[in-house]
$ cat query-v5.txt   # compact mmCIF, C-alpha atoms
# COMPACT_ATOMS: atom_id res chain seq x y z
CA ASP X 47 31.19 -65.33 -4.18
CA GLU X 48 28.66 -64.42 -1.49
CA LYS X 49 31.33 -62.43 0.41
CA GLU X 50 32.22 -60.48 -2.70
CA ARG X 51 28.58 -59.83 -3.53
CA PHE X 52 27.96 -58.10 -0.19
CA ASP X 53 31.25 -56.25 -0.05
CA PRO X 54 30.96 -52.42 -0.37
CA THR X 55 34.45 -52.25 -1.89
CA GLN X 56 33.39 -54.57 -4.70
CA PHE X 57 30.17 -52.54 -5.16
CA GLN X 58 32.16 -49.29 -5.24
CA ASP X 59 34.57 -50.65 -7.87
CA CYS X 60 31.68 -51.72 -10.12
CA ILE X 61 30.01 -48.30 -9.91
CA ILE X 62 33.24 -46.34 -10.37
CA GLN X 63 34.31 -48.49 -13.34
CA GLY X 64 30.93 -47.93 -14.98
CA LEU X 65 31.06 -44.15 -14.39
CA THR X 66 34.59 -43.98 -15.79
CA GLU X 67 33.33 -45.67 -18.95
CA THR X 68 30.33 -43.35 -19.36
CA GLY X 69 32.43 -40.23 -18.74
CA THR X 70 30.71 -36.91 -18.05
CA ASP X 71 27.74 -37.53 -20.36
CA LEU X 72 25.05 -37.42 -17.68
CA GLU X 73 22.39 -39.05 -19.85
CA ALA X 74 24.74 -42.03 -20.29
CA VAL X 75 25.35 -41.96 -16.51
CA ALA X 76 21.58 -42.14 -15.85
CA LYS X 77 21.22 -45.09 -18.28
CA PHE X 78 24.15 -46.93 -16.68
CA LEU X 79 22.69 -46.46 -13.16
CA ASP X 80 19.27 -47.60 -14.37
CA ALA X 81 20.70 -50.82 -15.87
CA SER X 82 23.06 -51.51 -12.93
CA GLY X 83 20.19 -51.60 -10.46
CA ALA X 84 19.15 -54.96 -11.90
CA LYS X 85 22.60 -56.46 -11.22
CA LEU X 86 23.88 -54.62 -8.13
CA ASP X 87 22.36 -54.46 -4.64
CA TYR X 88 21.31 -50.79 -4.46
CA ARG X 89 19.10 -51.46 -1.47
CA ARG X 90 22.03 -52.63 0.65
CA TYR X 91 24.60 -50.14 -0.64
CA ALA X 92 22.47 -47.00 -1.07
CA GLU X 93 24.86 -44.93 1.07
CA THR X 94 27.92 -46.05 -0.93
CA LEU X 95 26.10 -45.35 -4.22
CA PHE X 96 25.14 -41.81 -3.21
CA ASP X 97 28.57 -41.07 -1.69
CA ILE X 98 30.14 -41.91 -5.08
CA LEU X 99 27.63 -39.84 -7.09
CA VAL X 100 28.13 -36.81 -4.85
CA ALA X 101 31.78 -37.00 -3.73
CA GLY X 102 33.40 -39.46 -6.15
CA GLY X 103 34.03 -42.21 -3.59
CA MET X 104 33.06 -43.56 -0.18
CA LEU X 105 33.14 -40.88 2.51
CA ALA X 106 34.79 -41.39 5.87
CA PRO X 107 33.14 -39.86 8.99
CA GLY X 108 33.47 -36.07 8.82
CA GLY X 109 33.25 -35.91 5.05
CA THR X 110 36.75 -36.85 3.84
CA LEU X 111 37.38 -39.32 1.03
CA ALA X 112 39.28 -42.40 2.12
CA ASP X 113 42.80 -42.26 0.57
CA ASP X 114 43.11 -45.95 -0.23
CA MET X 115 39.83 -46.07 -2.15
CA THR X 116 39.37 -45.73 -5.90
CA ARG X 117 37.47 -42.63 -6.92
CA THR X 118 35.83 -41.05 -9.93
CA ASN X 119 35.58 -37.53 -11.32
CA VAL X 120 32.06 -38.21 -12.59
CA CYS X 121 30.40 -36.74 -9.50
CA VAL X 122 28.78 -33.56 -8.17
CA PHE X 123 31.92 -32.36 -6.34
CA ALA X 124 34.13 -32.62 -9.45
CA ALA X 125 31.57 -30.95 -11.75
CA GLN X 126 31.36 -27.30 -12.78
CA GLU X 127 29.99 -24.92 -10.17
CA ASP X 128 26.95 -23.60 -12.01
CA LEU X 129 23.20 -23.98 -11.86
CA GLU X 130 22.85 -25.65 -15.28
CA THR X 131 25.28 -28.46 -14.36
CA MET X 132 23.55 -29.00 -11.01
CA GLN X 133 20.16 -29.15 -12.77
CA ALA X 134 21.56 -31.91 -15.00
CA PHE X 135 22.84 -33.82 -11.94
CA ALA X 136 19.45 -33.37 -10.26
CA GLN X 137 17.93 -35.17 -13.26
CA VAL X 138 20.29 -38.13 -12.68
CA PHE X 139 19.08 -38.44 -9.05
CA ASN X 140 15.43 -37.96 -10.09
CA LYS X 141 15.56 -40.71 -12.71
CA LEU X 142 17.38 -43.09 -10.38
CA ILE X 143 14.92 -42.59 -7.50
CA ARG X 144 11.87 -42.75 -9.78
CA ARG X 145 13.18 -46.06 -11.16
CA TYR X 146 14.09 -47.51 -7.75
CA LYS X 147 11.53 -46.04 -5.33
CA TYR X 148 13.11 -47.82 -2.36
CA LEU X 149 16.13 -45.49 -2.68
CA GLU X 150 14.03 -42.48 -1.59
CA LYS X 151 14.64 -42.96 2.15
CA GLY X 152 18.33 -43.79 1.63
CA PHE X 153 18.82 -40.64 -0.42
CA GLU X 154 17.13 -38.49 2.24
CA ASP X 155 19.41 -40.00 4.90
CA GLU X 156 22.42 -39.38 2.65
CA VAL X 157 21.61 -35.68 2.22
CA LYS X 158 21.07 -35.26 5.99
CA LYS X 159 24.49 -36.84 6.54
CA LEU X 160 26.16 -34.68 3.86
CA LEU X 161 24.77 -31.53 5.51
CA LEU X 162 26.29 -32.59 8.83
CA PHE X 163 29.64 -33.12 7.02
CA LEU X 164 29.65 -29.62 5.45
CA LYS X 165 32.76 -28.48 7.35
CA GLY X 166 34.73 -31.34 5.75
CA PHE X 167 34.03 -30.05 2.23
CA SER X 168 35.63 -27.16 0.31
CA GLU X 169 33.65 -23.97 -0.27
CA SER X 170 33.11 -24.89 -3.92
CA GLU X 171 31.86 -28.39 -2.96
CA ARG X 172 29.46 -26.85 -0.43
CA ASN X 173 28.15 -24.43 -3.06
CA LYS X 174 27.48 -27.24 -5.53
CA LEU X 175 25.76 -29.34 -2.88
CA ALA X 176 23.64 -26.33 -1.84
CA MET X 177 22.53 -25.65 -5.43
CA LEU X 178 21.73 -29.33 -6.02
CA THR X 179 19.78 -29.58 -2.73
CA GLY X 180 17.75 -26.46 -3.62
CA ILE X 181 16.79 -27.94 -7.00
CA LEU X 182 15.85 -31.30 -5.46
CA LEU X 183 13.72 -29.54 -2.83
CA ALA X 184 11.99 -27.58 -5.60
CA ASN X 185 11.10 -30.64 -7.65
CA GLY X 186 9.95 -32.65 -4.64
CA THR X 187 12.70 -35.31 -4.69
CA LEU X 188 13.67 -34.14 -1.20
CA ASN X 189 11.51 -33.13 1.74
CA ALA X 190 12.22 -29.83 3.52
CA SER X 191 12.68 -31.73 6.81
CA ILE X 192 16.30 -32.43 5.72
CA LEU X 193 17.02 -28.78 6.65
CA ASN X 194 17.02 -29.89 10.29
CA SER X 195 20.66 -30.93 9.78
CA LEU X 196 21.59 -27.28 9.19
CA TYR X 197 20.63 -26.44 12.77
CA ASN X 198 23.65 -28.39 14.02
CA GLU X 199 25.30 -26.24 16.71
CA ASN X 200 28.83 -26.30 15.22
CA LEU X 201 27.66 -25.50 11.70
CA VAL X 202 25.54 -22.61 12.98
CA LYS X 203 28.28 -21.22 15.23
CA GLU X 204 30.85 -21.10 12.42
CA GLY X 205 28.47 -19.47 9.94
CA VAL X 206 28.48 -22.51 7.64
CA SER X 207 24.70 -23.06 7.89
CA ALA X 208 23.75 -19.50 6.91
CA ALA X 209 26.21 -19.38 3.98
CA PHE X 210 24.96 -22.77 2.73
CA ALA X 211 21.32 -21.66 3.13
CA VAL X 212 21.93 -18.64 0.86
CA LYS X 213 22.98 -20.84 -2.09
CA LEU X 214 20.30 -23.42 -1.34
CA PHE X 215 17.42 -20.90 -1.20
CA LYS X 216 18.67 -19.08 -4.30
CA SER X 217 18.45 -22.22 -6.40
CA TRP X 218 15.17 -23.32 -4.76
CA ILE X 219 13.48 -19.95 -5.43
CA ASN X 220 14.99 -19.88 -8.94
CA GLU X 221 13.27 -23.21 -9.71
CA LYS X 222 9.94 -22.30 -8.07
CA ASP X 223 9.11 -19.07 -6.18
CA ILE X 224 8.96 -17.87 -2.58
CA ASN X 225 5.31 -18.97 -2.20
CA ALA X 226 6.11 -22.57 -3.15
CA VAL X 227 9.10 -22.50 -0.77
CA ALA X 228 6.84 -21.18 2.01
CA VAL X 229 4.32 -24.02 1.46
CA SER X 230 7.09 -26.66 1.68
CA LEU X 231 8.51 -25.10 4.86
CA ARG X 232 5.07 -24.83 6.47
CA LYS X 233 4.34 -28.53 5.81
CA VAL X 234 7.27 -29.57 8.01
CA ASN X 235 6.92 -26.75 10.60
CA MET X 236 10.09 -25.04 9.40
CA ASP X 237 8.42 -21.74 8.50
CA ASN X 238 9.18 -20.21 11.91
CA ARG X 239 12.64 -21.75 12.41
CA LEU X 240 14.78 -20.04 9.77
CA MET X 241 16.33 -17.63 12.26
CA GLU X 242 17.93 -20.65 13.96
CA LEU X 243 20.46 -20.62 11.09
CA PHE X 244 22.21 -18.00 13.24
CA PRO X 245 23.62 -18.26 16.79
CA ALA X 246 21.23 -17.28 19.62
CA ASN X 247 22.73 -13.78 20.01
CA LYS X 248 22.04 -13.04 16.31
CA GLN X 249 18.54 -14.49 16.06
CA SER X 250 16.69 -11.28 15.23
CA VAL X 251 14.59 -10.30 12.23
CA GLU X 252 16.94 -7.34 11.65
CA HIS X 253 20.05 -9.52 11.47
CA PHE X 254 18.35 -12.16 9.29
CA SER X 255 16.93 -9.51 6.97
CA LYS X 256 20.27 -7.70 6.56
CA TYR X 257 22.22 -10.93 5.92
CA PHE X 258 19.87 -12.40 3.32
CA THR X 259 18.99 -9.09 1.64
CA GLU X 260 22.69 -8.35 1.12
CA ALA X 261 23.06 -11.86 -0.32
CA GLY X 262 20.35 -11.05 -2.89
CA LEU X 263 17.46 -12.86 -1.18
CA LYS X 264 15.15 -9.96 -0.35
CA GLU X 265 12.04 -12.12 -0.82
CA LEU X 266 13.25 -14.57 1.84
CA SER X 267 13.96 -11.66 4.23
CA GLU X 268 10.45 -10.30 3.69
CA TYR X 269 8.94 -13.75 4.15
CA VAL X 270 10.66 -14.20 7.54
CA ARG X 271 9.72 -10.68 8.62
CA ASN X 272 6.11 -11.43 7.71
CA GLN X 273 6.17 -14.78 9.54
CA GLN X 274 7.55 -13.06 12.64
CA SER X 275 4.83 -10.44 12.43
CA ILE X 276 2.06 -13.07 12.07
CA GLY X 277 3.47 -14.96 15.07
CA ALA X 278 3.61 -11.78 17.17
CA ARG X 279 0.01 -10.88 16.25
CA LYS X 280 -1.27 -14.37 17.14
CA GLU X 281 0.60 -14.23 20.44
CA LEU X 282 -0.84 -10.77 21.17
CA GLN X 283 -4.41 -11.94 20.50
CA LYS X 284 -3.97 -15.04 22.68
CA GLU X 285 -2.54 -13.03 25.60
CA LEU X 286 -5.24 -10.35 25.21
CA GLN X 287 -8.03 -12.92 25.47
CA GLU X 288 -6.44 -14.39 28.59
CA GLN X 289 -6.13 -10.93 30.19
CA MET X 290 -9.77 -10.17 29.38
CA SER X 291 -11.03 -13.47 30.75
CA ARG X 292 -9.06 -12.83 33.96
CA GLY X 293 -10.59 -9.36 34.17
CA ASP X 294 -7.23 -7.53 34.26
CA PRO X 295 -7.47 -3.73 34.65
CA PHE X 296 -7.60 -1.87 31.31
CA LYS X 297 -4.57 0.24 32.22
CA ASP X 298 -2.46 -2.93 32.50
CA ILE X 299 -3.82 -4.33 29.23
CA ILE X 300 -3.18 -1.00 27.44
CA LEU X 301 0.39 -0.90 28.75
CA TYR X 302 1.05 -4.49 27.64
CA VAL X 303 -0.40 -3.88 24.13
CA LYS X 304 1.62 -0.67 23.64
CA GLU X 305 4.83 -2.48 24.59
CA GLU X 306 4.05 -5.29 22.11
CA MET X 307 3.29 -2.75 19.38
CA LYS X 308 6.67 -1.13 19.88
CA LYS X 309 8.61 -4.39 20.22
CA ASN X 310 7.10 -6.07 17.16
CA ASN X 311 6.41 -2.99 15.04
CA ILE X 312 2.63 -3.61 14.94
CA SER X 313 0.45 -0.77 13.62
CA GLU X 314 -2.47 0.75 15.53
CA GLN X 315 -4.85 -0.37 12.75
CA THR X 316 -3.75 -3.99 13.24
CA VAL X 317 -4.08 -3.69 17.01
CA VAL X 318 -7.59 -2.23 16.94
CA ALA X 319 -8.71 -5.12 14.71
CA ILE X 320 -7.15 -7.64 17.15
CA ILE X 321 -8.83 -5.95 20.16
CA TRP X 322 -12.23 -5.93 18.40
CA SER X 323 -11.89 -9.61 17.56
CA SER X 324 -10.80 -10.45 21.12
CA VAL X 325 -13.63 -8.44 22.70
CA MET X 326 -16.24 -10.14 20.50
CA SER X 327 -14.92 -13.64 21.22
CA THR X 328 -15.08 -13.37 25.02
CA VAL X 329 -18.86 -13.72 25.20
CA GLU X 330 -21.56 -16.24 24.29
CA TRP X 331 -24.03 -14.30 22.14
CA ASN X 332 -27.79 -14.63 22.36
CA LYS X 333 -29.35 -16.33 19.31
CA LYS X 334 -32.36 -14.00 19.27
CA GLU X 335 -31.94 -10.91 17.13
CA GLU X 336 -34.10 -8.68 19.38
CA LEU X 337 -31.94 -9.53 22.44
CA VAL X 338 -28.48 -9.61 20.90
CA ALA X 339 -28.34 -5.85 20.20
CA GLU X 340 -29.01 -5.06 23.84
CA GLN X 341 -26.42 -7.63 24.96
CA ALA X 342 -23.83 -6.25 22.49
CA ILE X 343 -24.31 -2.63 23.62
CA LYS X 344 -23.90 -3.60 27.28
CA HIS X 345 -20.77 -5.66 26.50
CA LEU X 346 -19.15 -3.09 24.19
CA LYS X 347 -19.86 -0.19 26.54
CA GLN X 348 -17.69 -1.96 29.10
CA TYR X 349 -14.78 -2.31 26.61
CA SER X 350 -15.09 1.17 25.05
CA PRO X 351 -12.14 2.64 27.05
CA LEU X 352 -9.87 -0.15 25.78
CA LEU X 353 -10.84 0.42 22.14
CA ALA X 354 -10.62 4.21 22.57
CA ALA X 355 -6.96 3.87 23.61
CA PHE X 356 -6.14 2.49 20.13
CA THR X 357 -8.24 4.70 17.86
CA THR X 358 -6.03 7.78 18.00
CA GLN X 359 -5.76 7.93 14.18
CA GLY X 360 -8.52 8.36 11.60
CA GLN X 361 -7.27 5.26 9.78
CA SER X 362 -7.67 3.18 12.97
CA GLU X 363 -11.25 4.40 13.37
CA LEU X 364 -12.02 3.44 9.75
CA THR X 365 -10.48 0.02 10.37
CA LEU X 366 -12.73 -0.46 13.40
CA LEU X 367 -15.82 0.67 11.44
CA LEU X 368 -15.07 -1.86 8.71
CA LYS X 369 -14.48 -4.60 11.29
CA ILE X 370 -17.87 -3.86 12.93
CA GLN X 371 -19.53 -3.90 9.48
CA GLU X 372 -17.80 -7.19 8.60
CA TYR X 373 -18.83 -8.77 11.93
CA CYS X 374 -22.46 -7.74 11.54
CA TYR X 375 -22.51 -9.09 8.00
CA ASP X 376 -20.94 -12.43 9.02
CA ASN X 377 -23.22 -12.84 12.07
CA ILE X 378 -26.80 -12.49 10.90
CA HIS X 379 -28.21 -11.75 14.40
CA PHE X 380 -26.11 -8.56 14.45
CA MET X 381 -27.47 -7.12 11.20
CA LYS X 382 -29.71 -4.58 12.96
CA ALA X 383 -27.18 -3.84 15.72
CA PHE X 384 -24.68 -2.03 13.46
CA GLN X 385 -26.12 1.47 13.82
CA LYS X 386 -26.50 1.09 17.61
CA ILE X 387 -22.87 0.00 18.00
CA VAL X 388 -21.61 2.96 15.91
CA VAL X 389 -23.72 5.42 17.97
CA LEU X 390 -22.40 3.89 21.21
CA PHE X 391 -18.78 4.22 20.05
CA TYR X 392 -19.40 7.80 18.90
CA LYS X 393 -20.78 8.74 22.33
CA ALA X 394 -17.92 6.89 24.07
CA GLU X 395 -15.38 8.79 21.89
CA VAL X 396 -14.06 5.62 20.30
CA LEU X 397 -15.21 6.90 16.88
CA SER X 398 -15.32 10.52 15.76
CA GLU X 399 -17.46 12.36 13.24
CA GLU X 400 -14.97 12.62 10.36
CA PRO X 401 -14.21 8.88 9.90
CA ILE X 402 -17.93 8.03 10.18
CA LEU X 403 -18.80 10.58 7.46
CA LYS X 404 -15.87 9.39 5.35
CA TRP X 405 -16.95 5.76 5.67
CA TYR X 406 -20.51 6.75 4.72
CA SER X 407 -19.61 8.95 1.76
CA VAL X 408 -16.85 6.76 0.33
CA PHE X 409 -19.08 3.72 -0.04
CA LEU X 410 -22.67 4.91 -0.14
CA GLU X 411 -22.25 7.99 -2.33
CA GLN X 412 -20.20 6.01 -4.84
CA MET X 413 -22.89 3.33 -5.08
CA LYS X 414 -25.95 5.62 -5.00
CA LYS X 415 -26.38 6.04 -8.79
CA PHE X 416 -25.61 2.40 -9.48
CA VAL X 417 -28.16 1.19 -6.90
CA GLU X 418 -30.78 3.54 -8.40
CA TRP X 419 -29.99 2.16 -11.86
CA LEU X 420 -30.33 -1.41 -10.57
CA LYS X 421 -33.73 -0.61 -9.03
CA ASN X 422 -34.96 1.01 -12.27
CA ALA X 423 -33.69 -1.89 -14.35
CA GLU X 424 -35.53 -4.29 -12.06
CA GLU X 425 -38.77 -2.28 -12.34
CA GLU X 426 -38.44 -2.15 -16.16
CA SER X 427 -37.91 -5.90 -16.45
CA GLU X 428 -40.94 -6.52 -14.21
CA SER X 429 -43.21 -4.27 -16.32
CA GLU X 430 -41.93 -5.91 -19.55
CA ALA X 431 -42.76 -9.32 -18.06
CA GLU X 432 -46.31 -8.11 -17.22
CA GLU X 433 -46.81 -6.79 -20.78
CA GLY X 434 -45.64 -10.13 -22.15
CA ASP X 435 -48.24 -11.93 -20.04
$ encode --input "query-v5.txt" --output "structure tokens"
Amino acid sequence: DEKERFDPTQFQDCIIQGLTETGTDLEAVAKFLDASGAKLDYRRYAETLFDILVAGGMLAPGGTLADDMTRTNVCVFAAQEDLETMQAFAQVFNKLIRRYKYLEKGFEDEVKKLLLFLKGFSESERNKLAMLTGILLANGTLNASILNSLYNENLVKEGVSAAFAVKLFKSWINEKDINAVAVSLRKVNMDNRLMELFPANKQSVEHFSKYFTEAGLKELSEYVRNQQSIGARKELQKELQEQMSRGDPFKDIILYVKEEMKKNNISEQTVVAIIWSSVMSTVEWNKKEELVAEQAIKHLKQYSPLLAAFTTQGQSELTLLLKIQEYCYDNIHFMKAFQKIVVLFYKAEVLSEEPILKWYSVFLEQMKKFVEWLKNAEEESESEAEEGD
């Protein structure tokens, strides 16, 4: 009796017999699995249980069903290949794992294994598994770390990983949205690894973007492009700060920055903001307001040629003006230094007349009447208060 109780063949027969009796009514399947957990050893045979629910029987290494084993058609691989059916199957897994929490780890291991077996499945079976996995990722039953299995060298080389990812992300985004997907990926440090779905010689933003846009996943393409851009900007800032602290010649720094701009398609406005931020973070500022302005002018005069190299457009000059304004507002000791910095940059030909006038007129002229009204309203309320006294 003991031998039979811990025999996977016996366990498989019990599950398959029960599924055959329930038929394809997935609510009945969920109830049967719920009740069977009290009688059968799910903890010991989690892998067998999940193999049956996904493939209809116990899987041999590589993903094939053992010929001599009994099997059932009440499983993911024998179901219809559509989103609605896979959503119903996802509910079966959700209910089962909610009821028997200890199955969570076993299920995660099962999915990782199934992803490594992808080449052993038919295209239709892969599609169904991809849709199901996307839904389970969306509802939190699975953790995005399972995607690591898709980076298997053979799967990547033969294009299986990328094709599977298309179906998976389509169903995941359909259930949630690209922002929710991004959060899940970021939590497990997968947000910058999606290009690894392709072989090394095809790991470019252009190739990724073309492949997934043509597959109808434009939002995923844009997300990866944006991630790449953020990474490139962070790298540029880090390298810039190192070059400045080493005291590298400006001509070398300018050359490096221009190459990075071209390579990563970074705009001049973005670059001037990065340079400003880098320049301001390379110094320990005096805490006294009367001394900080003098210190800032001396420091910024030194870096004027570097900033001037990247303010060749009016828009870049406006960006710099707004960054200076923002910095002075965020750092209270700089409040009175704003005008001095702008004058310095005007004299050093970092800023020109037109953007300064535009900045002034756009904001101040627009607000002039409103500010006057506010002042008058304040005066009126004060005089009313005096009369009331």
$ atom_distance --input "query-v5.txt" --atom1 "atom CA of X:Leu182" --atom2 "atom CA of X:Ala92"
17.6 Å
$ atom_distance --input "query-v5.txt" --atom1 "atom CA of X:Gly103" --atom2 "atom CA of X:Ile61"
9.7 Å
$ residues_around --input "query-v5.txt" --residues "stretch 62-72 of chain X" --least-positions-apart "3" --cutoff "8 Å" --atoms "only C-alpha atoms" --output "ChimeraX atom specification"
/X:58-59,75-76,78,98,103,116-120,134-135,138
$ closest_atom_pairs --input "query-v5.txt" --of "stretch 132-213 of chain X" --to "stretch 228-236 of chain X" --cutoff "12 Å" --atoms "only C-alpha atoms" --output "tab-separated table"
residue	atom	partner	partner_atom	distance
X:Gly180	CA	X:Ser230	CA	11.9
X:Leu183	CA	X:Ser230	CA	8.5
X:Ala184	CA	X:Ser230	CA	8.8
X:Asn185	CA	X:Ser230	CA	10.9
X:Gly186	CA	X:Ser230	CA	9.2
X:Leu188	CA	X:Ser230	CA	10.4
X:Asn189	CA	X:Ser230	CA	7.8
X:Ala190	CA	X:Leu231	CA	6.2
X:Ser191	CA	X:Val234	CA	5.9
X:Ile192	CA	X:Val234	CA	9.7
X:Leu193	CA	X:Met236	CA	8.3
X:Asn194	CA	X:Met236	CA	8.5
X:Leu196	CA	X:Met236	CA	11.7
X:Tyr197	CA	X:Met236	CA	11.2
$ residues_around --input "query-v5.txt" --residues "stretch 170-179 of chain X" --least-positions-apart "3" --cutoff "6 Å" --atoms "all atoms listed in the file" --output "list in words"
Phe123, Glu127, Met132, Phe167, Leu182, Phe210, Lys213, Leu214 and Ser217 of chain X
$ residues_around --input "query-v5.txt" --residues "X:Glu372" --least-positions-apart "4" --cutoff "12 Å" --atoms "all atoms listed in the file" --output "number ranges by chain"
X: 319, 322-323, 365-368, 376-378, 380-381, 384
$ closest_residue --input "query-v5.txt" --among "X:Asn310, X:Ser291, X:Gln249, X:Thr94" --to "X:Ala278" --atoms "only C-alpha atoms"
X:Asn310
$ atom_distance --input "query-v5.txt" --atom1 "atom CA of X:Ala354" --atom2 "atom CA of X:Gly277"
24.9 Å
$ residues_around --input "query-v5.txt" --residues "X:Ala394" --least-positions-apart "4" --cutoff "8 Å" --atoms "all atoms listed in the file" --output "PyMOL selection string"
chain X and resi 347+350-351+354+390
$ residues_around --input "query-v5.txt" --residues "X:Phe96" --least-positions-apart "4" --cutoff "9 Å" --atoms "all atoms listed in the file" --output "list of chain:residue names"
X:Tyr91, X:Ala92, X:Val100, X:Ala101, X:Gly103, X:Met104, X:Gly152, X:Phe153, X:Glu156, X:Val157
$ closest_residue --input "query-v5.txt" --among "X:Leu410, X:Ala124, X:Val338, X:Leu352" --to "X:Leu301" --atoms "only C-alpha atoms"
X:Leu352
$ residues_near_point --input "query-v5.txt" --point "(21.2, -18.5, 8.3)" --cutoff "12 Å" --atoms "all atoms listed in the file" --output "JSON, numbers by chain"
{"X": [193, 196, 197, 198, 201, 202, 203, 204, 205, 206, 207, 208, 209, 210, 211, 212, 213, 214, 215, 239, 240, 241, 242, 243, 244, 245, 246, 248, 249, 250, 251, 253, 254, 255, 256, 257, 258, 259, 261, 263, 266, 267, 270]}
$ build_atoms --input "query-v5.txt" --residues "stretch 228-247 of chain X" --atoms "N, CA and C atoms" --output "PDB file, in the coordinates of the input"
ATOM      1  N   ALA X 228       7.570 -21.382   0.748  1.00  0.00           N
ATOM      2  CA  ALA X 228       6.840 -21.180   2.010  1.00  0.00           C
ATOM      3  C   ALA X 228       5.919 -22.360   2.310  1.00  0.00           C
ATOM      4  N   VAL X 229       5.224 -22.873   1.281  1.00  0.00           N
ATOM      5  CA  VAL X 229       4.320 -24.020   1.460  1.00  0.00           C
ATOM      6  C   VAL X 229       5.109 -25.239   1.946  1.00  0.00           C
ATOM      7  N   SER X 230       6.248 -25.499   1.296  1.00  0.00           N
ATOM      8  CA  SER X 230       7.090 -26.660   1.680  1.00  0.00           C
ATOM      9  C   SER X 230       7.586 -26.531   3.119  1.00  0.00           C
ATOM     10  N   LEU X 231       8.003 -25.327   3.501  1.00  0.00           N
ATOM     11  CA  LEU X 231       8.510 -25.100   4.860  1.00  0.00           C
ATOM     12  C   LEU X 231       7.400 -25.275   5.891  1.00  0.00           C
ATOM     13  N   ARG X 232       6.213 -24.763   5.538  1.00  0.00           N
ATOM     14  CA  ARG X 232       5.070 -24.830   6.470  1.00  0.00           C
ATOM     15  C   ARG X 232       4.664 -26.291   6.728  1.00  0.00           C
ATOM     16  N   LYS X 233       4.738 -27.121   5.688  1.00  0.00           N
ATOM     17  CA  LYS X 233       4.340 -28.530   5.810  1.00  0.00           C
ATOM     18  C   LYS X 233       5.151 -29.276   6.864  1.00  0.00           C
ATOM     19  N   VAL X 234       6.405 -28.860   7.045  1.00  0.00           N
ATOM     20  CA  VAL X 234       7.270 -29.570   8.010  1.00  0.00           C
ATOM     21  C   VAL X 234       7.604 -28.699   9.233  1.00  0.00           C
ATOM     22  N   ASN X 235       6.751 -27.664   9.451  1.00  0.00           N
ATOM     23  CA  ASN X 235       6.920 -26.750  10.600  1.00  0.00           C
ATOM     24  C   ASN X 235       8.286 -26.073  10.645  1.00  0.00           C
ATOM     25  N   MET X 236       8.791 -25.730   9.478  1.00  0.00           N
ATOM     26  CA  MET X 236      10.090 -25.040   9.400  1.00  0.00           C
ATOM     27  C   MET X 236       9.900 -23.540   9.141  1.00  0.00           C
ATOM     28  N   ASP X 237       8.652 -23.127   8.901  1.00  0.00           N
ATOM     29  CA  ASP X 237       8.420 -21.740   8.500  1.00  0.00           C
ATOM     30  C   ASP X 237       8.810 -20.727   9.565  1.00  0.00           C
ATOM     31  N   ASN X 238       8.808 -21.157  10.840  1.00  0.00           N
ATOM     32  CA  ASN X 238       9.180 -20.210  11.910  1.00  0.00           C
ATOM     33  C   ASN X 238      10.550 -20.512  12.512  1.00  0.00           C
ATOM     34  N   ARG X 239      11.351 -21.341  11.826  1.00  0.00           N
ATOM     35  CA  ARG X 239      12.640 -21.750  12.410  1.00  0.00           C
ATOM     36  C   ARG X 239      13.861 -21.212  11.655  1.00  0.00           C
ATOM     37  N   LEU X 240      13.640 -20.440  10.598  1.00  0.00           N
ATOM     38  CA  LEU X 240      14.780 -20.040   9.770  1.00  0.00           C
ATOM     39  C   LEU X 240      15.810 -19.180  10.501  1.00  0.00           C
ATOM     40  N   MET X 241      15.368 -18.460  11.517  1.00  0.00           N
ATOM     41  CA  MET X 241      16.330 -17.630  12.260  1.00  0.00           C
ATOM     42  C   MET X 241      17.330 -18.463  13.045  1.00  0.00           C
ATOM     43  N   GLU X 242      17.004 -19.748  13.244  1.00  0.00           N
ATOM     44  CA  GLU X 242      17.930 -20.650  13.960  1.00  0.00           C
ATOM     45  C   GLU X 242      19.172 -20.976  13.130  1.00  0.00           C
ATOM     46  N   LEU X 243      19.237 -20.473  11.902  1.00  0.00           N
ATOM     47  CA  LEU X 243      20.460 -20.620  11.090  1.00  0.00           C
ATOM     48  C   LEU X 243      21.590 -19.772  11.668  1.00  0.00           C
ATOM     49  N   PHE X 244      21.226 -18.873  12.592  1.00  0.00           N
ATOM     50  CA  PHE X 244      22.210 -18.000  13.240  1.00  0.00           C
ATOM     51  C   PHE X 244      22.320 -18.345  14.726  1.00  0.00           C
ATOM     52  N   PRO X 245      23.479 -18.027  15.335  1.00  0.00           N
ATOM     53  CA  PRO X 245      23.620 -18.260  16.790  1.00  0.00           C
ATOM     54  C   PRO X 245      22.578 -17.456  17.572  1.00  0.00           C
ATOM     55  N   ALA X 246      22.295 -17.885  18.797  1.00  0.00           N
ATOM     56  CA  ALA X 246      21.230 -17.280  19.620  1.00  0.00           C
ATOM     57  C   ALA X 246      21.337 -15.761  19.725  1.00  0.00           C
ATOM     58  N   ASN X 247      22.568 -15.238  19.843  1.00  0.00           N
ATOM     59  CA  ASN X 247      22.730 -13.780  20.010  1.00  0.00           C
ATOM     60  C   ASN X 247      22.484 -12.997  18.709  1.00  0.00           C
TER      61      ASN X 247
END
